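Note: the block below is model.txt and it holds compact mmCIF, C-alpha atoms.
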# COMPACT_ATOMS: atom_id res chain seq x y z
CA GLU M 1 -61.40 -16.85 -11.87
CA ALA M 2 -60.48 -20.43 -11.04
CA GLY M 3 -58.88 -20.98 -7.67
CA VAL M 4 -55.87 -23.05 -6.66
CA ALA M 5 -56.47 -26.69 -7.54
CA GLN M 6 -55.00 -29.55 -5.55
CA SER M 7 -55.19 -33.30 -5.82
CA PRO M 8 -55.77 -35.76 -4.40
CA ARG M 9 -57.97 -34.43 -1.59
CA TYR M 10 -57.32 -37.49 0.56
CA LYS M 11 -54.61 -40.12 0.62
CA ILE M 12 -53.97 -43.00 3.01
CA ILE M 13 -50.67 -44.87 2.80
CA GLU M 14 -48.54 -47.17 4.90
CA LYS M 15 -45.34 -45.85 6.40
CA ARG M 16 -42.32 -46.14 4.13
CA GLN M 17 -44.53 -45.82 1.03
CA SER M 18 -44.33 -42.83 -1.27
CA VAL M 19 -46.95 -40.24 -2.17
CA ALA M 20 -47.19 -37.27 -4.52
CA PHE M 21 -49.41 -34.21 -4.40
CA TRP M 22 -50.20 -31.92 -7.30
CA CYS M 23 -51.01 -28.24 -7.34
CA ASN M 24 -52.19 -25.95 -10.13
CA PRO M 25 -51.97 -22.31 -9.00
CA ILE M 26 -54.10 -19.42 -10.15
CA SER M 27 -53.18 -18.49 -13.69
CA GLY M 28 -50.46 -15.85 -13.83
CA HIS M 29 -49.41 -16.18 -10.19
CA ALA M 30 -45.63 -16.13 -10.03
CA THR M 31 -45.20 -17.43 -6.51
CA LEU M 32 -46.22 -20.85 -5.28
CA TYR M 33 -45.99 -22.17 -1.72
CA TRP M 34 -46.37 -25.58 -0.13
CA TYR M 35 -47.41 -25.56 3.51
CA GLN M 36 -47.80 -28.47 5.93
CA GLN M 37 -50.60 -28.17 8.48
CA ILE M 38 -50.67 -30.69 11.29
CA LEU M 39 -54.00 -31.02 13.09
CA GLY M 40 -54.48 -28.19 15.58
CA GLN M 41 -51.52 -26.17 14.30
CA GLY M 42 -50.99 -23.34 11.87
CA PRO M 43 -49.60 -23.92 8.38
CA LYS M 44 -45.81 -24.37 8.24
CA LEU M 45 -43.96 -23.35 5.10
CA LEU M 46 -42.16 -26.20 3.37
CA ILE M 47 -41.05 -24.59 0.13
CA GLN M 48 -41.59 -21.40 -1.84
CA PHE M 49 -41.12 -21.06 -5.60
CA GLN M 50 -40.80 -17.87 -7.60
CA ASN M 51 -41.68 -18.89 -11.16
CA ASN M 52 -39.73 -22.16 -11.44
CA GLY M 53 -36.92 -21.27 -9.03
CA VAL M 54 -36.76 -22.14 -5.33
CA VAL M 55 -36.81 -19.11 -3.03
CA ASP M 56 -36.99 -20.81 0.36
CA ASP M 57 -36.81 -24.51 1.20
CA SER M 58 -35.15 -24.14 4.58
CA GLN M 59 -37.86 -26.14 6.37
CA LEU M 60 -38.25 -28.88 3.80
CA PRO M 61 -36.99 -32.25 5.12
CA LYS M 62 -34.89 -32.89 2.08
CA ASP M 63 -34.04 -36.46 2.98
CA ARG M 64 -37.62 -37.48 2.24
CA PHE M 65 -39.46 -34.53 0.72
CA SER M 66 -38.94 -33.12 -2.75
CA ALA M 67 -40.81 -30.58 -4.82
CA GLU M 68 -40.64 -29.18 -8.29
CA ARG M 69 -42.46 -26.58 -10.29
CA LEU M 70 -42.43 -27.43 -13.96
CA LYS M 71 -42.29 -24.51 -16.37
CA GLY M 72 -43.20 -22.16 -13.55
CA VAL M 73 -46.82 -23.34 -13.41
CA ASP M 74 -47.92 -26.65 -11.85
CA SER M 75 -46.07 -28.10 -8.91
CA THR M 76 -45.70 -31.52 -7.31
CA LEU M 77 -44.67 -32.34 -3.77
CA LYS M 78 -43.37 -35.84 -3.11
CA ILE M 79 -42.72 -37.71 0.10
CA GLN M 80 -40.57 -40.83 -0.02
CA PRO M 81 -40.48 -42.71 2.28
CA ALA M 82 -43.37 -41.47 4.40
CA LYS M 83 -43.29 -41.50 8.20
CA LEU M 84 -46.13 -41.49 10.68
CA GLU M 85 -45.39 -37.86 11.59
CA ASP M 86 -46.01 -36.80 7.99
CA SER M 87 -49.74 -37.20 8.58
CA ALA M 88 -51.05 -33.71 7.90
CA VAL M 89 -52.84 -31.54 5.38
CA TYR M 90 -50.60 -30.28 2.59
CA LEU M 91 -51.72 -26.87 1.44
CA CYS M 92 -50.70 -25.22 -1.78
CA ALA M 93 -50.97 -21.44 -2.08
CA SER M 94 -50.14 -18.92 -4.77
CA SER M 95 -49.75 -15.17 -4.97
CA PRO M 96 -49.38 -12.81 -7.90
CA ARG M 97 -45.89 -11.60 -7.06
CA GLY M 98 -43.01 -12.70 -4.97
CA GLY M 99 -42.32 -11.97 -1.34
CA SER M 100 -44.46 -10.62 1.45
CA SER M 101 -43.20 -7.11 0.74
CA ASN M 102 -45.67 -7.04 -2.10
CA THR M 103 -48.33 -7.45 0.59
CA GLY M 104 -49.88 -10.01 -1.66
CA GLU M 105 -52.50 -12.16 -0.05
CA LEU M 106 -52.06 -15.89 -0.36
CA PHE M 107 -54.71 -17.85 -2.23
CA PHE M 108 -54.93 -21.36 -0.82
CA GLY M 109 -56.22 -24.56 -2.29
CA GLU M 110 -58.45 -26.93 -0.32
CA GLY M 111 -55.48 -29.05 0.69
CA SER M 112 -54.51 -32.71 0.44
CA ARG M 113 -55.04 -34.67 3.62
CA LEU M 114 -52.44 -37.39 4.14
CA THR M 115 -52.81 -40.19 6.65
CA VAL M 116 -49.78 -42.42 7.20
CA LEU M 117 -50.53 -45.73 8.94
CA SER N 118 -36.16 -18.13 19.51
CA GLN N 119 -38.90 -16.91 17.21
CA LYS N 120 -42.45 -17.51 18.35
CA ILE N 121 -46.01 -16.59 17.37
CA GLU N 122 -48.78 -17.09 19.91
CA GLN N 123 -52.50 -16.66 19.49
CA ASN N 124 -54.47 -16.15 22.70
CA SER N 125 -56.33 -19.25 23.55
CA GLU N 126 -56.72 -22.32 21.45
CA ALA N 127 -60.49 -21.85 21.54
CA LEU N 128 -62.78 -18.93 22.28
CA ASN N 129 -66.52 -19.14 22.88
CA ILE N 130 -68.68 -16.04 22.77
CA GLN N 131 -72.37 -15.22 22.61
CA GLU N 132 -73.95 -14.08 19.37
CA GLY N 133 -74.00 -10.31 19.06
CA LYS N 134 -70.94 -9.76 21.23
CA THR N 135 -67.54 -8.61 20.03
CA ALA N 136 -64.91 -11.31 19.63
CA THR N 137 -61.33 -10.23 20.27
CA LEU N 138 -58.47 -12.47 19.17
CA THR N 139 -54.83 -11.76 19.92
CA CYS N 140 -51.63 -12.50 18.06
CA ASN N 141 -48.35 -11.99 19.94
CA TYR N 142 -44.93 -12.51 18.48
CA THR N 143 -41.35 -12.74 19.66
CA ASN N 144 -38.13 -12.10 17.74
CA TYR N 145 -39.88 -11.04 14.55
CA SER N 146 -39.97 -7.56 13.05
CA PRO N 147 -42.85 -7.83 10.60
CA ALA N 148 -43.56 -4.98 8.27
CA TYR N 149 -46.94 -6.56 7.51
CA LEU N 150 -49.37 -8.80 9.28
CA GLN N 151 -52.28 -10.70 7.78
CA TRP N 152 -55.34 -12.42 9.21
CA TYR N 153 -56.95 -15.47 7.63
CA ARG N 154 -60.07 -17.46 8.29
CA GLN N 155 -60.05 -21.26 8.00
CA ASP N 156 -63.13 -23.45 8.03
CA PRO N 157 -62.86 -27.19 8.81
CA GLY N 158 -61.53 -29.13 5.84
CA ARG N 159 -60.82 -25.97 3.81
CA GLY N 160 -57.80 -23.86 3.04
CA PRO N 161 -57.28 -20.50 4.78
CA VAL N 162 -58.99 -17.47 3.25
CA PHE N 163 -57.44 -14.01 3.44
CA LEU N 164 -59.32 -11.40 5.46
CA LEU N 165 -57.17 -8.35 6.17
CA LEU N 166 -53.63 -7.03 5.94
CA ILE N 167 -52.18 -4.29 8.14
CA ARG N 168 -48.85 -2.52 7.70
CA GLU N 169 -46.49 -1.60 10.54
CA ASN N 170 -47.22 2.09 10.09
CA GLU N 171 -50.99 1.55 10.32
CA LYS N 172 -52.52 1.48 13.76
CA GLU N 173 -55.88 0.15 12.67
CA LYS N 174 -57.63 -1.35 9.65
CA ARG N 175 -61.34 -2.00 9.19
CA LYS N 176 -63.43 -4.08 6.83
CA GLU N 177 -67.15 -4.33 7.47
CA ARG N 178 -67.48 -5.93 10.94
CA LEU N 179 -63.77 -6.70 11.17
CA LYS N 180 -61.11 -4.52 12.79
CA VAL N 181 -57.40 -5.20 13.13
CA THR N 182 -54.86 -3.29 15.19
CA PHE N 183 -51.09 -3.62 15.06
CA ASP N 184 -48.82 -2.47 17.89
CA THR N 185 -45.16 -2.97 17.01
CA THR N 186 -44.08 -1.83 20.49
CA LEU N 187 -46.16 -4.46 22.23
CA LYS N 188 -45.47 -6.90 19.36
CA GLN N 189 -49.14 -7.65 19.17
CA SER N 190 -52.07 -7.58 16.79
CA LEU N 191 -55.70 -7.65 17.87
CA PHE N 192 -58.47 -8.92 15.61
CA HIS N 193 -62.03 -7.89 16.44
CA ILE N 194 -65.32 -9.16 15.03
CA THR N 195 -68.20 -6.94 16.09
CA ALA N 196 -71.82 -8.09 16.27
CA SER N 197 -70.60 -11.67 15.95
CA GLN N 198 -72.78 -14.29 14.27
CA PRO N 199 -72.73 -18.11 14.37
CA ALA N 200 -71.47 -17.97 10.76
CA ASP N 201 -68.29 -16.33 12.09
CA SER N 202 -67.39 -19.59 13.83
CA ALA N 203 -64.07 -20.74 12.36
CA THR N 204 -60.36 -20.84 13.10
CA TYR N 205 -58.59 -17.52 12.67
CA LEU N 206 -54.90 -17.42 11.82
CA CYS N 207 -52.49 -14.53 11.98
CA ALA N 208 -49.53 -14.51 9.59
CA LEU N 209 -46.40 -12.39 9.96
CA ASP N 210 -44.19 -11.05 7.23
CA ASN N 211 -40.92 -12.97 7.40
CA TYR N 212 -38.26 -10.44 6.38
CA GLY N 213 -40.08 -9.61 3.18
CA GLN N 214 -39.82 -13.12 1.79
CA ASN N 215 -42.93 -14.98 2.88
CA PHE N 216 -45.42 -15.25 5.73
CA VAL N 217 -45.18 -17.29 8.93
CA PHE N 218 -48.44 -18.45 10.48
CA GLY N 219 -49.51 -18.60 14.08
CA PRO N 220 -51.25 -21.67 15.56
CA GLY N 221 -54.73 -20.19 15.19
CA THR N 222 -57.66 -19.57 17.51
CA ARG N 223 -60.86 -21.56 17.09
CA LEU N 224 -63.81 -19.22 17.57
CA SER N 225 -67.27 -20.50 18.36
CA VAL N 226 -70.15 -18.02 18.32
CA LEU N 227 -73.05 -19.44 20.28
CA PRO N 228 -76.63 -18.56 19.28
For this file, produce the structure as structure tokens.
Amino acid sequence: EAGVAQSPRYKIIEKRQSVAFWCNPISGHATLYWYQQILGQGPKLLIQFQNNGVVDDSQLPKDRFSAERLKGVDSTLKIQPAKLEDSAVYLCASSPRGGSSNTGELFFGEGSRLTVL
Amino acid sequence: SQKIEQNSEALNIQEGKTATLTCNYTNYSPAYLQWYRQDPGRGPVFLLLIRENEKEKRKERLKVTFDTTLKQSLFHITASQPADSATYLCALDNYGQNFVFGPGTRLSVLP
């Protein structure tokens, strides 16, 4: 079974530029998550999708971050304009069903490392 | 305010010993708690899940306990090996919607 695919693995941009990350979850997984992981910290949830609807985006900085999940499969996360503090690894995860009450483990991709100069 | 703490940032132990990692939380009432392993440059990998009504869960050399009174989970690796060196993350059920991660503990098992 193919895992969660993410691209690009690495991206370096100047502040105020824009960047987009792509995620292809495991086939058939209804729930998709984007997490931000700053060096030395645990992953922080940015947005959670159930199929193509948003379940939780309470911690997404909506003035600069946006995300969509087309047709309930692939997802893109965009940052525009980027700030220095956005330097982090952006992790995409998927799970078969929605919500933690399903006790579903999260399957993570390898992440996209962003450096903002 | 809500908080998740994992013992020390880094833990060094000798090969063959038991590693014990702690996860303490404040102002959460998780029905489930998960533990993940993360290697440098990789995404976290699921290890174990424990429910609030389970005191203990085991998987091979791994053991997790969950004490809802103390608001604490302990993660044990017995007969530790250098290959167990990684960062270990606990994740708490967030009101049945998603999981919130702790900061992680970096474990180094010395040969």
Give the residues of chain N that lie within 6 Å of chain M; count all atoms listed in the file, and format the answer as JSON, numbers by chain. {"N": [159, 160, 210, 213, 214, 215, 218, 219, 220, 221]}
- Message: List as a PyMOL selection string the protein and nucleic acid residues near stretch 59-74 of chain M, meaning an atom at most 9 Å away when all atoms listed in the file are counted, but skip any in the same chain fewer than 3 places from it.
- Response: chain M and resi 22-32+34+44-47+49-54+56+77-82
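Closest approach to M:Gln6 from the set M:Leu39, M:Ser18, M:Ser94, M:Ser58 is made by M:Ser94, with distances taken over only C-alpha atoms.
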Check: Of the candidates N:Thr137, N:Thr195, N:Gln155, N:Asn211, which shows the shortest atom-to-atom distance to N:Thr182, using all atoms listed in the file?
Finding: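 Under the stated criterion, the closest residue is N:Thr137.
Relative to atom CA of N:Leu165, atom CA of N:Ser197 is found at 16.9 Å.
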> Can you tell me, as an MDAnalysis selection string, which residues sit within 6 Å of (-58.3, -20.4, 9.0) in the file's frame, using all atoms listed in the file?
Replying inline: chainID N and resid 153:156 161 204:206
Taken to one decimal, the atom CA of N:Asn144-atom CA of N:Ala208 distance is 14.2 Å
As a check of understanding: the span from atom CA of M:Phe21 to atom CA of M:Thr76 is 5.4 Å
Checklist entry - Counting only C-alpha atoms, what is within 12 Å of N:Leu179, bar same-chain residues fewer than 2 positions away, as number ranges by chain? => result N: 135-138, 152-154, 164-166, 173-177, 181-182, 191-197, 201
Go ahead and write the residues just picked, C-alpha atoms, as a compact mmCIF listing (two decimals), in the coordinates of the input.
# COMPACT_ATOMS: atom_id res chain seq x y z
CA THR N 135 -67.54 -8.61 20.03
CA ALA N 136 -64.91 -11.31 19.63
CA THR N 137 -61.33 -10.23 20.27
CA LEU N 138 -58.47 -12.47 19.17
CA TRP N 152 -55.34 -12.42 9.21
CA TYR N 153 -56.95 -15.47 7.63
CA ARG N 154 -60.07 -17.46 8.29
CA LEU N 164 -59.32 -11.40 5.46
CA LEU N 165 -57.17 -8.35 6.17
CA LEU N 166 -53.63 -7.03 5.94
CA GLU N 173 -55.88 0.15 12.67
CA LYS N 174 -57.63 -1.35 9.65
CA ARG N 175 -61.34 -2.00 9.19
CA LYS N 176 -63.43 -4.08 6.83
CA GLU N 177 -67.15 -4.33 7.47
CA VAL N 181 -57.40 -5.20 13.13
CA THR N 182 -54.86 -3.29 15.19
CA LEU N 191 -55.70 -7.65 17.87
CA PHE N 192 -58.47 -8.92 15.61
CA HIS N 193 -62.03 -7.89 16.44
CA ILE N 194 -65.32 -9.16 15.03
CA THR N 195 -68.20 -6.94 16.09
CA ALA N 196 -71.82 -8.09 16.27
CA SER N 197 -70.60 -11.67 15.95
CA ASP N 201 -68.29 -16.33 12.09
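The nearest approach to N:Gln131 among the residues N:Val217, N:Ser225, N:Phe163, N:Lys172, with only C-alpha atoms taken into account, belongs to N:Ser225.
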Skipping near chain neighbours, those fewer than 2 positions away, what residues fall within 8 Å of M:Asp86 using only C-alpha atoms, listed as number ranges by chain? M: 82-84, 88, 114-116
